[in-house]
Each structure stands twice: as C-alpha cells, then as structure tokens.
$ cat target-v3.pdb   # PDB, C-alpha atoms, pLDDT in the B column
MODEL        1
ATOM      1  CA  MET A  46     -58.627-222.137 -16.132  1.00 60.00           C
ATOM      2  CA  SER A  47     -61.802-221.235 -18.044  1.00 74.00           C
ATOM      3  CA  ASP A  48     -61.506-220.446 -21.743  1.00 89.00           C
ATOM      4  CA  TYR A  49     -63.273-217.182 -20.957  1.00 96.00           C
ATOM      5  CA  ILE A  50     -60.796-215.937 -18.344  1.00 97.00           C
ATOM      6  CA  THR A  51     -57.376-214.817 -19.548  1.00 97.00           C
ATOM      7  CA  LEU A  52     -54.373-213.925 -17.414  1.00 97.00           C
ATOM      8  CA  GLN A  53     -51.286-211.931 -18.279  1.00 97.00           C
ATOM      9  CA  THR A  54     -48.444-210.926 -15.960  1.00 97.00           C
ATOM     10  CA  LEU A  55     -46.165-208.030 -16.913  1.00 95.00           C
ATOM     11  CA  ASP A  56     -43.900-205.997 -14.614  1.00 93.00           C
ATOM     12  CA  GLN A  57     -45.243-207.986 -11.618  1.00 97.00           C
ATOM     13  CA  VAL A  58     -48.802-206.893 -12.467  1.00 97.00           C
ATOM     14  CA  THR A  59     -51.284-209.666 -13.259  1.00 98.00           C
ATOM     15  CA  THR A  60     -54.265-208.678 -15.410  1.00 98.00           C
ATOM     16  CA  LEU A  61     -57.361-210.877 -15.404  1.00 98.00           C
ATOM     17  CA  THR A  62     -59.634-210.254 -18.379  1.00 98.00           C
ATOM     18  CA  ILE A  63     -63.226-211.475 -18.456  1.00 98.00           C
ATOM     19  CA  ASN A  64     -63.175-212.555 -22.085  1.00 97.00           C
ATOM     20  CA  ARG A  65     -66.627-213.657 -23.178  1.00 97.00           C
ATOM     21  CA  ALA A  66     -67.556-210.714 -25.345  1.00 96.00           C
ATOM     22  CA  GLN A  67     -70.204-212.622 -27.323  1.00 96.00           C
ATOM     23  CA  LYS A  68     -72.214-212.882 -24.063  1.00 95.00           C
ATOM     24  CA  ARG A  69     -71.331-209.364 -22.838  1.00 97.00           C
ATOM     25  CA  ASN A  70     -68.795-210.998 -20.499  1.00 97.00           C
ATOM     26  CA  ALA A  71     -71.521-212.651 -18.414  1.00 97.00           C
ATOM     27  CA  ILE A  72     -69.913-214.872 -15.782  1.00 97.00           C
ATOM     28  CA  THR A  73     -70.579-218.599 -15.366  1.00 95.00           C
ATOM     29  CA  GLN A  74     -69.768-220.805 -12.392  1.00 93.00           C
ATOM     30  CA  GLU A  75     -66.744-222.182 -14.246  1.00 94.00           C
ATOM     31  CA  MET A  76     -65.482-218.654 -14.830  1.00 96.00           C
ATOM     32  CA  TYR A  77     -65.969-217.781 -11.164  1.00 96.00           C
ATOM     33  CA  GLY A  78     -63.867-220.802 -10.230  1.00 95.00           C
ATOM     34  CA  ALA A  79     -61.070-219.635 -12.524  1.00 97.00           C
ATOM     35  CA  MET A  80     -61.246-216.117 -11.100  1.00 98.00           C
ATOM     36  CA  ALA A  81     -61.095-217.421  -7.539  1.00 97.00           C
ATOM     37  CA  ASP A  82     -58.074-219.607  -8.370  1.00 97.00           C
ATOM     38  CA  ALA A  83     -56.303-216.663 -10.014  1.00 98.00           C
ATOM     39  CA  LEU A  84     -56.839-214.417  -6.988  1.00 98.00           C
ATOM     40  CA  LYS A  85     -55.621-217.095  -4.580  1.00 98.00           C
ATOM     41  CA  ALA A  86     -52.533-217.717  -6.727  1.00 97.00           C
ATOM     42  CA  TYR A  87     -51.840-213.983  -6.798  1.00 98.00           C
ATOM     43  CA  GLU A  88     -52.158-213.681  -3.028  1.00 97.00           C
ATOM     44  CA  ALA A  89     -49.710-216.557  -2.517  1.00 97.00           C
ATOM     45  CA  SER A  90     -47.195-215.321  -5.088  1.00 97.00           C
ATOM     46  CA  ASP A  91     -43.960-213.529  -4.184  1.00 93.00           C
ATOM     47  CA  THR A  92     -43.565-212.118  -7.685  1.00 94.00           C
ATOM     48  CA  GLN A  93     -47.095-210.852  -8.451  1.00 97.00           C
ATOM     49  CA  ARG A  94     -47.452-207.493  -6.697  1.00 97.00           C
ATOM     50  CA  ALA A  95     -50.667-206.045  -8.182  1.00 98.00           C
ATOM     51  CA  PHE A  96     -53.815-207.552  -9.695  1.00 98.00           C
ATOM     52  CA  VAL A  97     -56.091-205.903 -12.264  1.00 98.00           C
ATOM     53  CA  ILE A  98     -59.574-207.079 -13.256  1.00 98.00           C
ATOM     54  CA  THR A  99     -61.019-205.831 -16.548  1.00 98.00           C
ATOM     55  CA  GLY A 100     -63.341-206.921 -19.350  1.00 98.00           C
ATOM     56  CA  ALA A 101     -62.868-207.656 -23.035  1.00 97.00           C
ATOM     57  CA  GLU A 102     -64.107-205.266 -25.710  1.00 96.00           C
ATOM     58  CA  ASP A 103     -67.114-203.078 -24.806  1.00 95.00           C
ATOM     59  CA  TYR A 104     -68.291-204.603 -21.504  1.00 97.00           C
ATOM     60  CA  PHE A 105     -66.780-204.990 -18.055  1.00 98.00           C
ATOM     61  CA  THR A 106     -69.356-207.670 -17.303  1.00 98.00           C
ATOM     62  CA  ALA A 107     -73.110-208.100 -17.674  1.00 97.00           C
ATOM     63  CA  GLY A 108     -73.077-209.978 -14.359  1.00 95.00           C
ATOM     64  CA  ASN A 109     -74.124-213.534 -13.705  1.00 92.00           C
ATOM     65  CA  ASP A 110     -75.065-215.813 -16.579  1.00 92.00           C
ATOM     66  CA  LEU A 111     -78.631-216.416 -15.383  1.00 82.00           C
ATOM     67  CA  GLN A 112     -79.205-219.603 -17.354  1.00 82.00           C
ATOM     68  CA  ASP A 113     -75.998-221.067 -15.969  1.00 86.00           C
ATOM     69  CA  PHE A 114     -77.044-220.100 -12.442  1.00 77.00           C
ATOM     70  CA  SER A 115     -80.546-221.512 -12.865  1.00 73.00           C
ATOM     71  CA  MET A 116     -79.059-224.926 -13.714  1.00 76.00           C
ATOM     72  CA  ALA A 117     -76.288-224.926 -11.071  1.00 70.00           C
ATOM     73  CA  ASP A 118     -76.320-227.149  -7.988  1.00 67.00           C
ATOM     74  CA  HIS A 119     -76.552-224.801  -5.004  1.00 60.00           C
ATOM     75  CA  THR A 120     -76.063-227.503  -2.366  1.00 62.00           C
ATOM     76  CA  GLY A 121     -72.955-229.158  -0.994  1.00 61.00           C
ATOM     77  CA  ASP A 122     -69.492-227.628  -1.274  1.00 68.00           C
ATOM     78  CA  LEU A 123     -68.810-223.896  -1.512  1.00 75.00           C
ATOM     79  CA  PRO A 124     -69.951-222.886  -5.026  1.00 85.00           C
ATOM     80  CA  PRO A 125     -67.478-221.146  -7.349  1.00 91.00           C
ATOM     81  CA  VAL A 126     -69.213-217.765  -7.048  1.00 91.00           C
ATOM     82  CA  ALA A 127     -68.863-217.918  -3.266  1.00 90.00           C
ATOM     83  CA  ARG A 128     -65.215-218.905  -3.634  1.00 93.00           C
ATOM     84  CA  PHE A 129     -64.611-215.873  -5.848  1.00 96.00           C
ATOM     85  CA  LEU A 130     -66.376-213.470  -3.505  1.00 95.00           C
ATOM     86  CA  GLU A 131     -64.445-214.876  -0.564  1.00 94.00           C
ATOM     87  CA  ALA A 132     -61.167-214.547  -2.475  1.00 97.00           C
ATOM     88  CA  ILE A 133     -61.709-210.948  -3.588  1.00 97.00           C
ATOM     89  CA  SER A 134     -63.099-209.801  -0.239  1.00 95.00           C
ATOM     90  CA  THR A 135     -60.239-211.259   1.812  1.00 95.00           C
ATOM     91  CA  CYS A 136     -57.273-210.762  -0.532  1.00 96.00           C
ATOM     92  CA  LYS A 137     -54.443-209.158   1.459  1.00 96.00           C
ATOM     93  CA  LYS A 138     -52.752-207.637  -1.587  1.00 97.00           C
ATOM     94  CA  PRO A 139     -53.904-204.758  -3.835  1.00 97.00           C
ATOM     95  CA  VAL A 140     -56.741-205.481  -6.256  1.00 98.00           C
ATOM     96  CA  ILE A 141     -57.498-202.939  -9.004  1.00 98.00           C
ATOM     97  CA  ALA A 142     -60.489-202.742 -11.345  1.00 98.00           C
ATOM     98  CA  ALA A 143     -60.362-201.227 -14.832  1.00 98.00           C
ATOM     99  CA  VAL A 144     -64.033-200.818 -15.716  1.00 98.00           C
ATOM    100  CA  ASN A 145     -64.027-200.549 -19.497  1.00 98.00           C
ATOM    101  CA  GLY A 146     -67.797-200.611 -20.044  1.00 98.00           C
ATOM    102  CA  PRO A 147     -71.112-201.493 -18.375  1.00 98.00           C
ATOM    103  CA  ALA A 148     -70.686-203.078 -14.928  1.00 98.00           C
ATOM    104  CA  ILE A 149     -73.918-204.895 -14.126  1.00 98.00           C
ATOM    105  CA  GLY A 150     -74.846-206.863 -11.003  1.00 96.00           C
ATOM    106  CA  VAL A 151     -71.720-208.505  -9.665  1.00 96.00           C
ATOM    107  CA  GLY A 152     -69.843-206.264 -12.082  1.00 97.00           C
ATOM    108  CA  LEU A 153     -70.749-203.450  -9.713  1.00 98.00           C
ATOM    109  CA  THR A 154     -70.687-205.286  -6.391  1.00 97.00           C
ATOM    110  CA  MET A 155     -67.222-206.810  -6.879  1.00 97.00           C
ATOM    111  CA  LEU A 156     -65.883-203.253  -7.173  1.00 98.00           C
ATOM    112  CA  LEU A 157     -66.739-202.701  -3.514  1.00 97.00           C
ATOM    113  CA  HIS A 158     -63.961-205.181  -2.659  1.00 96.00           C
ATOM    114  CA  CYS A 159     -61.362-203.666  -4.980  1.00 97.00           C
ATOM    115  CA  ASP A 160     -58.869-201.224  -3.518  1.00 97.00           C
ATOM    116  CA  LEU A 161     -58.721-198.993  -6.570  1.00 98.00           C
ATOM    117  CA  VAL A 162     -61.433-198.649  -9.212  1.00 98.00           C
ATOM    118  CA  TYR A 163     -60.829-196.781 -12.468  1.00 98.00           C
ATOM    119  CA  ALA A 164     -63.440-196.412 -15.177  1.00 98.00           C
ATOM    120  CA  ALA A 165     -63.743-195.404 -18.792  1.00 98.00           C
ATOM    121  CA  GLU A 166     -65.963-192.425 -19.535  1.00 98.00           C
ATOM    122  CA  SER A 167     -68.487-194.733 -21.221  1.00 97.00           C
ATOM    123  CA  ALA A 168     -68.738-197.097 -18.237  1.00 98.00           C
ATOM    124  CA  THR A 169     -72.065-197.472 -16.431  1.00 98.00           C
ATOM    125  CA  PHE A 170     -72.974-199.124 -13.137  1.00 98.00           C
ATOM    126  CA  THR A 171     -76.201-201.044 -12.468  1.00 97.00           C
ATOM    127  CA  ALA A 172     -77.396-203.562  -9.862  1.00 97.00           C
ATOM    128  CA  PRO A 173     -80.737-204.958 -11.156  1.00 94.00           C
ATOM    129  CA  PHE A 174     -81.153-207.660  -8.510  1.00 94.00           C
ATOM    130  CA  VAL A 175     -84.766-206.892  -7.589  1.00 94.00           C
ATOM    131  CA  LYS A 176     -85.732-206.738 -11.270  1.00 92.00           C
ATOM    132  CA  LEU A 177     -84.323-210.270 -11.634  1.00 91.00           C
ATOM    133  CA  GLY A 178     -86.147-211.612  -8.590  1.00 92.00           C
ATOM    134  CA  LEU A 179     -82.909-211.711  -6.593  1.00 92.00           C
ATOM    135  CA  VAL A 180     -81.310-209.846  -3.684  1.00 94.00           C
ATOM    136  CA  PRO A 181     -78.029-207.917  -3.379  1.00 94.00           C
ATOM    137  CA  GLU A 182     -74.856-209.964  -2.901  1.00 92.00           C
ATOM    138  CA  ALA A 183     -71.128-209.568  -2.239  1.00 94.00           C
ATOM    139  CA  GLY A 184     -71.828-207.488   0.861  1.00 93.00           C
ATOM    140  CA  SER A 185     -73.327-204.734  -1.293  1.00 95.00           C
ATOM    141  CA  SER A 186     -76.328-204.221   0.988  1.00 94.00           C
ATOM    142  CA  LEU A 187     -73.783-202.952   3.527  1.00 94.00           C
ATOM    143  CA  LEU A 188     -70.861-201.674   1.477  1.00 95.00           C
ATOM    144  CA  LEU A 189     -72.720-199.736  -1.207  1.00 96.00           C
ATOM    145  CA  ALA A 190     -74.466-197.526   1.341  1.00 94.00           C
ATOM    146  CA  ALA A 191     -71.133-196.996   3.093  1.00 92.00           C
ATOM    147  CA  SER A 192     -69.655-195.909  -0.234  1.00 93.00           C
ATOM    148  CA  VAL A 193     -72.338-193.728  -1.810  1.00 95.00           C
ATOM    149  CA  GLY A 194     -74.790-193.112   1.054  1.00 95.00           C
ATOM    150  CA  MET A 195     -78.097-194.806   1.856  1.00 96.00           C
ATOM    151  CA  PRO A 196     -80.377-192.728  -0.421  1.00 96.00           C
ATOM    152  CA  VAL A 197     -78.219-193.342  -3.497  1.00 96.00           C
ATOM    153  CA  ALA A 198     -77.679-197.011  -2.572  1.00 97.00           C
ATOM    154  CA  ASN A 199     -81.450-197.485  -2.330  1.00 97.00           C
ATOM    155  CA  ASP A 200     -81.871-195.748  -5.682  1.00 97.00           C
ATOM    156  CA  ILE A 201     -79.455-198.273  -7.192  1.00 97.00           C
ATOM    157  CA  LEU A 202     -80.492-201.457  -5.358  1.00 97.00           C
ATOM    158  CA  LEU A 203     -84.256-200.915  -5.090  1.00 96.00           C
ATOM    159  CA  ALA A 204     -85.160-198.559  -7.927  1.00 96.00           C
ATOM    160  CA  GLY A 205     -82.592-199.941 -10.376  1.00 95.00           C
ATOM    161  CA  ARG A 206     -80.858-196.637 -11.104  1.00 96.00           C
ATOM    162  CA  THR A 207     -77.928-196.772 -13.524  1.00 97.00           C
ATOM    163  CA  LEU A 208     -74.978-194.529 -12.686  1.00 98.00           C
ATOM    164  CA  GLN A 209     -72.849-192.941 -15.367  1.00 98.00           C
ATOM    165  CA  ALA A 210     -69.092-192.946 -14.773  1.00 98.00           C
ATOM    166  CA  SER A 211     -69.052-189.277 -13.795  1.00 98.00           C
ATOM    167  CA  GLU A 212     -71.844-189.863 -11.259  1.00 97.00           C
ATOM    168  CA  ALA A 213     -70.101-192.922  -9.827  1.00 97.00           C
ATOM    169  CA  HIS A 214     -66.975-190.821  -9.364  1.00 98.00           C
ATOM    170  CA  ASN A 215     -68.870-187.971  -7.740  1.00 97.00           C
ATOM    171  CA  TYR A 216     -70.505-190.388  -5.294  1.00 97.00           C
ATOM    172  CA  GLY A 217     -67.163-191.959  -4.378  1.00 96.00           C
ATOM    173  CA  LEU A 218     -67.808-195.366  -5.929  1.00 97.00           C
ATOM    174  CA  ILE A 219     -64.776-195.167  -8.208  1.00 97.00           C
ATOM    175  CA  SER A 220     -61.335-193.595  -7.914  1.00 97.00           C
ATOM    176  CA  ARG A 221     -60.928-191.835 -11.263  1.00 98.00           C
ATOM    177  CA  VAL A 222     -62.431-191.630 -14.756  1.00 98.00           C
ATOM    178  CA  PHE A 223     -60.299-191.771 -17.910  1.00 98.00           C
ATOM    179  CA  PRO A 224     -61.104-191.400 -21.612  1.00 98.00           C
ATOM    180  CA  ASP A 225     -62.048-194.764 -23.067  1.00 98.00           C
ATOM    181  CA  THR A 226     -58.922-194.994 -25.218  1.00 97.00           C
ATOM    182  CA  GLU A 227     -56.624-194.191 -22.282  1.00 98.00           C
ATOM    183  CA  LEU A 228     -58.071-196.396 -19.532  1.00 98.00           C
ATOM    184  CA  GLN A 229     -55.943-199.507 -19.976  1.00 98.00           C
ATOM    185  CA  ALA A 230     -52.669-197.604 -20.357  1.00 98.00           C
ATOM    186  CA  GLU A 231     -53.407-195.460 -17.306  1.00 98.00           C
ATOM    187  CA  VAL A 232     -54.300-198.488 -15.179  1.00 98.00           C
ATOM    188  CA  ALA A 233     -51.209-200.348 -16.375  1.00 97.00           C
ATOM    189  CA  ALA A 234     -49.049-197.429 -15.219  1.00 97.00           C
ATOM    190  CA  ILE A 235     -50.812-197.296 -11.850  1.00 98.00           C
ATOM    191  CA  GLY A 236     -50.466-201.051 -11.430  1.00 98.00           C
ATOM    192  CA  LYS A 237     -46.758-200.848 -12.218  1.00 97.00           C
ATOM    193  CA  HIS A 238     -46.337-198.068  -9.645  1.00 97.00           C
ATOM    194  CA  ILE A 239     -48.111-200.114  -6.971  1.00 97.00           C
ATOM    195  CA  ALA A 240     -46.070-203.200  -7.854  1.00 97.00           C
ATOM    196  CA  SER A 241     -42.893-201.208  -7.263  1.00 96.00           C
ATOM    197  CA  SER A 242     -43.998-200.127  -3.775  1.00 96.00           C
ATOM    198  CA  ALA A 243     -43.056-201.862  -0.510  1.00 97.00           C
ATOM    199  CA  PRO A 244     -45.217-205.020  -0.532  1.00 95.00           C
ATOM    200  CA  GLU A 245     -45.463-205.515   3.235  1.00 96.00           C
ATOM    201  CA  ALA A 246     -46.353-201.869   3.779  1.00 97.00           C
ATOM    202  CA  LEU A 247     -49.095-202.220   1.158  1.00 96.00           C
ATOM    203  CA  LYS A 248     -50.562-205.288   2.862  1.00 95.00           C
ATOM    204  CA  LEU A 249     -50.436-203.660   6.299  1.00 95.00           C
ATOM    205  CA  SER A 250     -52.018-200.470   4.974  1.00 95.00           C
ATOM    206  CA  LYS A 251     -54.812-202.440   3.319  1.00 94.00           C
ATOM    207  CA  SER A 252     -55.476-204.347   6.543  1.00 92.00           C
ATOM    208  CA  LEU A 253     -55.798-201.052   8.447  1.00 92.00           C
ATOM    209  CA  ILE A 254     -58.153-199.546   5.875  1.00 90.00           C
ATOM    210  CA  ARG A 255     -60.342-202.667   5.730  1.00 85.00           C
ATOM    211  CA  HIS A 256     -60.550-203.355   9.454  1.00 76.00           C
ATOM    212  CA  GLN A 257     -64.269-204.248   9.517  1.00 75.00           C
ATOM    213  CA  ARG A 258     -63.956-207.464   7.523  1.00 77.00           C
ATOM    214  CA  ASP A 259     -65.820-209.604  10.080  1.00 78.00           C
ATOM    215  CA  LYS A 260     -68.928-207.450   9.732  1.00 85.00           C
ATOM    216  CA  VAL A 261     -68.713-207.610   5.943  1.00 88.00           C
ATOM    217  CA  ALA A 262     -68.249-211.395   5.989  1.00 87.00           C
ATOM    218  CA  ALA A 263     -71.336-211.823   8.170  1.00 91.00           C
ATOM    219  CA  GLN A 264     -73.393-209.635   5.818  1.00 91.00           C
ATOM    220  CA  MET A 265     -72.153-211.597   2.806  1.00 90.00           C
ATOM    221  CA  GLN A 266     -73.232-214.853   4.455  1.00 90.00           C
ATOM    222  CA  SER A 267     -76.720-213.493   5.156  1.00 92.00           C
ATOM    223  CA  GLU A 268     -77.011-212.244   1.588  1.00 92.00           C
ATOM    224  CA  ALA A 269     -75.802-215.564   0.163  1.00 89.00           C
ATOM    225  CA  GLU A 270     -78.462-217.533   2.024  1.00 89.00           C
ATOM    226  CA  LEU A 271     -81.224-215.266   0.740  1.00 91.00           C
ATOM    227  CA  PHE A 272     -79.717-215.203  -2.766  1.00 88.00           C
ATOM    228  CA  VAL A 273     -79.740-219.015  -2.984  1.00 86.00           C
ATOM    229  CA  ALA A 274     -83.308-219.092  -1.673  1.00 89.00           C
ATOM    230  CA  GLN A 275     -84.378-216.640  -4.384  1.00 89.00           C
ATOM    231  CA  LEU A 276     -82.632-218.724  -7.055  1.00 85.00           C
ATOM    232  CA  LYS A 277     -85.088-221.479  -6.106  1.00 87.00           C
ATOM    233  CA  SER A 278     -88.084-219.136  -5.976  1.00 90.00           C
ATOM    234  CA  SER A 279     -91.012-218.766  -8.353  1.00 92.00           C
ATOM    235  CA  GLU A 280     -89.951-215.147  -8.935  1.00 93.00           C
ATOM    236  CA  PHE A 281     -86.550-216.067 -10.336  1.00 89.00           C
ATOM    237  CA  SER A 282     -88.084-218.931 -12.330  1.00 88.00           C
ATOM    238  CA  GLU A 283     -90.474-216.435 -13.911  1.00 91.00           C
ATOM    239  CA  VAL A 284     -87.583-214.114 -14.823  1.00 89.00           C
ATOM    240  CA  VAL A 285     -85.661-216.911 -16.555  1.00 84.00           C
ATOM    241  CA  THR A 286     -88.786-218.163 -18.355  1.00 89.00           C
ATOM    242  CA  ALA A 287     -89.632-214.638 -19.495  1.00 90.00           C
ATOM    243  CA  MET A 288     -86.101-214.130 -20.830  1.00 85.00           C
ATOM    244  CA  MET A 289     -86.309-217.370 -22.815  1.00 87.00           C
ATOM    245  CA  GLN A 290     -89.720-216.367 -24.167  1.00 90.00           C
ATOM    246  CA  LYS A 291     -88.512-212.810 -24.874  1.00 90.00           C
ATOM    247  CA  ARG A 292     -91.221-211.105 -22.821  1.00 92.00           C
ATOM    248  CA  GLN A 293     -91.460-209.044 -19.656  1.00 91.00           C
ATOM    249  CA  PRO A 294     -91.771-211.093 -16.424  1.00 91.00           C
ATOM    250  CA  SER A 295     -95.057-210.944 -14.563  1.00 90.00           C
ATOM    251  CA  PHE A 296     -95.090-211.066 -10.764  1.00 88.00           C
ATOM    252  CA  SER A 297     -98.851-210.645 -10.310  1.00 83.00           C
TER     253      SER A 297
ENDMDL
END

$ encode --input "target-v3.pdb" --output "structure tokens"
Amino acid sequence: MSDYITLQTLDQVTTLTINRAQKRNAITQEMYGAMADALKAYEASDTQRAFVITGAEDYFTAGNDLQDFSMADHTGDLPPVARFLEAISTCKKPVIAAVNGPAIGVGLTMLLHCDLVYAAESATFTAPFVKLGLVPEAGSSLLLAASVGMPVANDILLAGRTLQASEAHNYGLISRVFPDTELQAEVAAIGKHIASSAPEALKLSKSLIRHQRDKVAAQMQSEAELFVAQLKSSEFSEVVTAMMQKRQPSFS
C-alpha cells in the first residue's frame, strides 16, 4: 500500500483517501497500484459492502503526476493506472465518490465509473487533456457525452471548460451537492445505508444499469493506446519541459 493512499473500514464501508495534499493529491503509478489493489480486495470481500473514494484536505485530486508518468515504463505488463481503471470500471459492488475539492483529469473521468457521486459546493471539475498534449482516458470520450451531452462534453474535453459543482449537478455528472462541511458526514450516512442493503440485489441492479460494459472497455482500450502514444510525443515532452521551466508550452 502506498504511503499516500489510506484505507479505513467502518460499518462495512471502506473509505479510500488520496492523501498527498502537498502535491494536491496528484496520483503516481505506485498510488494507482494501491488503489487498484484496494478495489479488488473490496470486490472480493464478504464484509466490505460499500466503497468510498475521497481526497485529503482541499483537493479531490489534481490528476496524474505528470513527472511520474513521463518517467514511467509504458511497455510490458499492465501498468498500475490501467489496473486501477480496469478495477473501478468492472467492480461489481457499489463505488461512491465524495468529491471534496477540485477534480482534475482522472479526478473527473474516474467519476464516470462510480455509481454515486457527491460533491462539496466548492468542488470543480476539469479535464485538461488537450492542454497537456494528451487525450481523454478512462472511457471519458464515450461516457462523458453520455452523461452531460455532446456539446458540454466537447466544451470540457476540447475547450477545457471547468464546471462548478452546481453546473455538474445540473448536467447530471454528479448525484448531489452538499455544503463543504457536511459532505463527509452525508456520504458516510449514505454509504452506511447502502452497506445495510441486500448485497446480491445491489450487484444485480448495478449489472443491469451498466449493461454496456463491453463497449466501454473497447473505448478505454482505444484511448489507452493513444494516451501512451501521446506520452511519448513531442507535444507531451514540451508540456513537461515547460512546467519544469515555469513557462507556457509552445506547440508552434
């Protein structure tokens, strides 16, 4: 388990906290591996009935740690990020998100695989893939449009629009919005309620709701191939170099 991923189980509800506040909860490959392992353990458990993902302090997550990704080996076995996306997209049991602050990149796209998404009033939602020289991932090029509609999805994925929590709720991206100070308590109560429900009925209901998994998996594979190609591209290299040099990237 990564030092930056914490787990707590209470009343059959397991809460995973992305706990790297000094880096705005940016996620490394090691952290992805820990998150994937936690989801798989939850799915296999007879005593864990609900799973909550949240962030420490003021951020949900700033997305991928770009320096970590730029140095990672993207050949060979399934990388940790792919293991996490596979685990969250195929989990047969309820997965809940408590978005306590900005959800950037994968912080937004992972929500498309959660069954219930609750957000604090101060939460925001951004997917700056194109700005970073990358492409959408986690099936978001398919699922985001299905959630919020093609025009809004294009505004987010191509134009880099940031949604406020109220907008995300109005567009159907999230389930409910709570005051910042009440989010965690409200989600804990919802998680406890779900954990007390009939577990087999929950799994069967989820399987009926998410019946187009094969199509999503195929889209995720296509995205992953293009994402890895862009990680090796001159565009992404320029983004990383510009960040290190504290300047705007130039794609001319």

$ resolve_selection --input "target-v3.pdb" --expression "the PyMOL selection byres ((chain A and resi 202) around 12)" --output "NGL selection string"
:A and (149-150 or 153-154 or 170-177 or 179-182 or 185-190 or 193-201 or 203-208)

$ write_last_selection --input "target-v3.pdb" --atoms "C-alpha atoms" --output "mmCIF file, keeping the file's coordinate frame"
data_model
loop_
_atom_site.group_PDB
_atom_site.id
_atom_site.type_symbol
_atom_site.label_atom_id
_atom_site.label_comp_id
_atom_site.auth_asym_id
_atom_site.auth_seq_id
_atom_site.Cartn_x
_atom_site.Cartn_y
_atom_site.Cartn_z
ATOM 1 C CA ILE A 149 -73.918 -204.895 -14.126
ATOM 2 C CA GLY A 150 -74.846 -206.863 -11.003
ATOM 3 C CA LEU A 153 -70.749 -203.450 -9.713
ATOM 4 C CA THR A 154 -70.687 -205.286 -6.391
ATOM 5 C CA PHE A 170 -72.974 -199.124 -13.137
ATOM 6 C CA THR A 171 -76.201 -201.044 -12.468
ATOM 7 C CA ALA A 172 -77.396 -203.562 -9.862
ATOM 8 C CA PRO A 173 -80.737 -204.958 -11.156
ATOM 9 C CA PHE A 174 -81.153 -207.660 -8.510
ATOM 10 C CA VAL A 175 -84.766 -206.892 -7.589
ATOM 11 C CA LYS A 176 -85.732 -206.738 -11.270
ATOM 12 C CA LEU A 177 -84.323 -210.270 -11.634
ATOM 13 C CA LEU A 179 -82.909 -211.711 -6.593
ATOM 14 C CA VAL A 180 -81.310 -209.846 -3.684
ATOM 15 C CA PRO A 181 -78.029 -207.917 -3.379
ATOM 16 C CA GLU A 182 -74.856 -209.964 -2.901
ATOM 17 C CA SER A 185 -73.327 -204.734 -1.293
ATOM 18 C CA SER A 186 -76.328 -204.221 0.988
ATOM 19 C CA LEU A 187 -73.783 -202.952 3.527
ATOM 20 C CA LEU A 188 -70.861 -201.674 1.477
ATOM 21 C CA LEU A 189 -72.720 -199.736 -1.207
ATOM 22 C CA ALA A 190 -74.466 -197.526 1.341
ATOM 23 C CA VAL A 193 -72.338 -193.728 -1.810
ATOM 24 C CA GLY A 194 -74.790 -193.112 1.054
ATOM 25 C CA MET A 195 -78.097 -194.806 1.856
ATOM 26 C CA PRO A 196 -80.377 -192.728 -0.421
ATOM 27 C CA VAL A 197 -78.219 -193.342 -3.497
ATOM 28 C CA ALA A 198 -77.679 -197.011 -2.572
ATOM 29 C CA ASN A 199 -81.450 -197.485 -2.330
ATOM 30 C CA ASP A 200 -81.871 -195.748 -5.682
ATOM 31 C CA ILE A 201 -79.455 -198.273 -7.192
ATOM 32 C CA LEU A 203 -84.256 -200.915 -5.090
ATOM 33 C CA ALA A 204 -85.160 -198.559 -7.927
ATOM 34 C CA GLY A 205 -82.592 -199.941 -10.376
ATOM 35 C CA ARG A 206 -80.858 -196.637 -11.104
ATOM 36 C CA THR A 207 -77.928 -196.772 -13.524
ATOM 37 C CA LEU A 208 -74.978 -194.529 -12.686
#

$ closest_residue --input "target-v3.pdb" --among "A:Tyr87, A:Tyr216, A:Tyr163, A:Phe114" --to "Gln275 in chain A" --atoms "all atoms listed in the file"
A:Phe114

$ resolve_selection --input "target-v3.pdb" --expression "the PyMOL selection byres ((chain A and resi 88) around 12)" --output "mmCIF file with C-alpha atoms, in the frame of the given file"
data_model
loop_
_atom_site.group_PDB
_atom_site.id
_atom_site.type_symbol
_atom_site.label_atom_id
_atom_site.label_comp_id
_atom_site.auth_asym_id
_atom_site.auth_seq_id
_atom_site.Cartn_x
_atom_site.Cartn_y
_atom_site.Cartn_z
ATOM 1 C CA THR A 59 -51.284 -209.666 -13.259
ATOM 2 C CA ALA A 81 -61.095 -217.421 -7.539
ATOM 3 C CA ASP A 82 -58.074 -219.607 -8.370
ATOM 4 C CA ALA A 83 -56.303 -216.663 -10.014
ATOM 5 C CA LEU A 84 -56.839 -214.417 -6.988
ATOM 6 C CA LYS A 85 -55.621 -217.095 -4.580
ATOM 7 C CA ALA A 86 -52.533 -217.717 -6.727
ATOM 8 C CA TYR A 87 -51.840 -213.983 -6.798
ATOM 9 C CA ALA A 89 -49.710 -216.557 -2.517
ATOM 10 C CA SER A 90 -47.195 -215.321 -5.088
ATOM 11 C CA ASP A 91 -43.960 -213.529 -4.184
ATOM 12 C CA THR A 92 -43.565 -212.118 -7.685
ATOM 13 C CA GLN A 93 -47.095 -210.852 -8.451
ATOM 14 C CA ARG A 94 -47.452 -207.493 -6.697
ATOM 15 C CA ALA A 95 -50.667 -206.045 -8.182
ATOM 16 C CA PHE A 96 -53.815 -207.552 -9.695
ATOM 17 C CA ALA A 132 -61.167 -214.547 -2.475
ATOM 18 C CA ILE A 133 -61.709 -210.948 -3.588
ATOM 19 C CA SER A 134 -63.099 -209.801 -0.239
ATOM 20 C CA THR A 135 -60.239 -211.259 1.812
ATOM 21 C CA CYS A 136 -57.273 -210.762 -0.532
ATOM 22 C CA LYS A 137 -54.443 -209.158 1.459
ATOM 23 C CA LYS A 138 -52.752 -207.637 -1.587
ATOM 24 C CA PRO A 139 -53.904 -204.758 -3.835
ATOM 25 C CA VAL A 140 -56.741 -205.481 -6.256
ATOM 26 C CA PRO A 244 -45.217 -205.020 -0.532
ATOM 27 C CA LYS A 248 -50.562 -205.288 2.862
#

$ closest_residue --input "target-v3.pdb" --among "A:Thr51, A:Ser282, A:Gln74, A:Thr106" --to "Phe129 in chain A" --atoms "all atoms listed in the file"
A:Gln74

$ closest_residue --input "target-v3.pdb" --among "A:Ser252, A:Ser167, A:Ser192, A:Thr60" --to "Ile219 in chain A" --atoms "all atoms listed in the file"
A:Ser192

$ atom_distance --input "target-v3.pdb" --atom1 "CA of Ala262 in chain A" --atom2 "CA of Ala127 in chain A"
11.3 Å

$ closest_residue --input "target-v3.pdb" --among "A:Thr99, A:Gln264, A:Thr73, A:Asn64" --to "Pro125 in chain A" --atoms "only C-alpha atoms"
A:Thr73
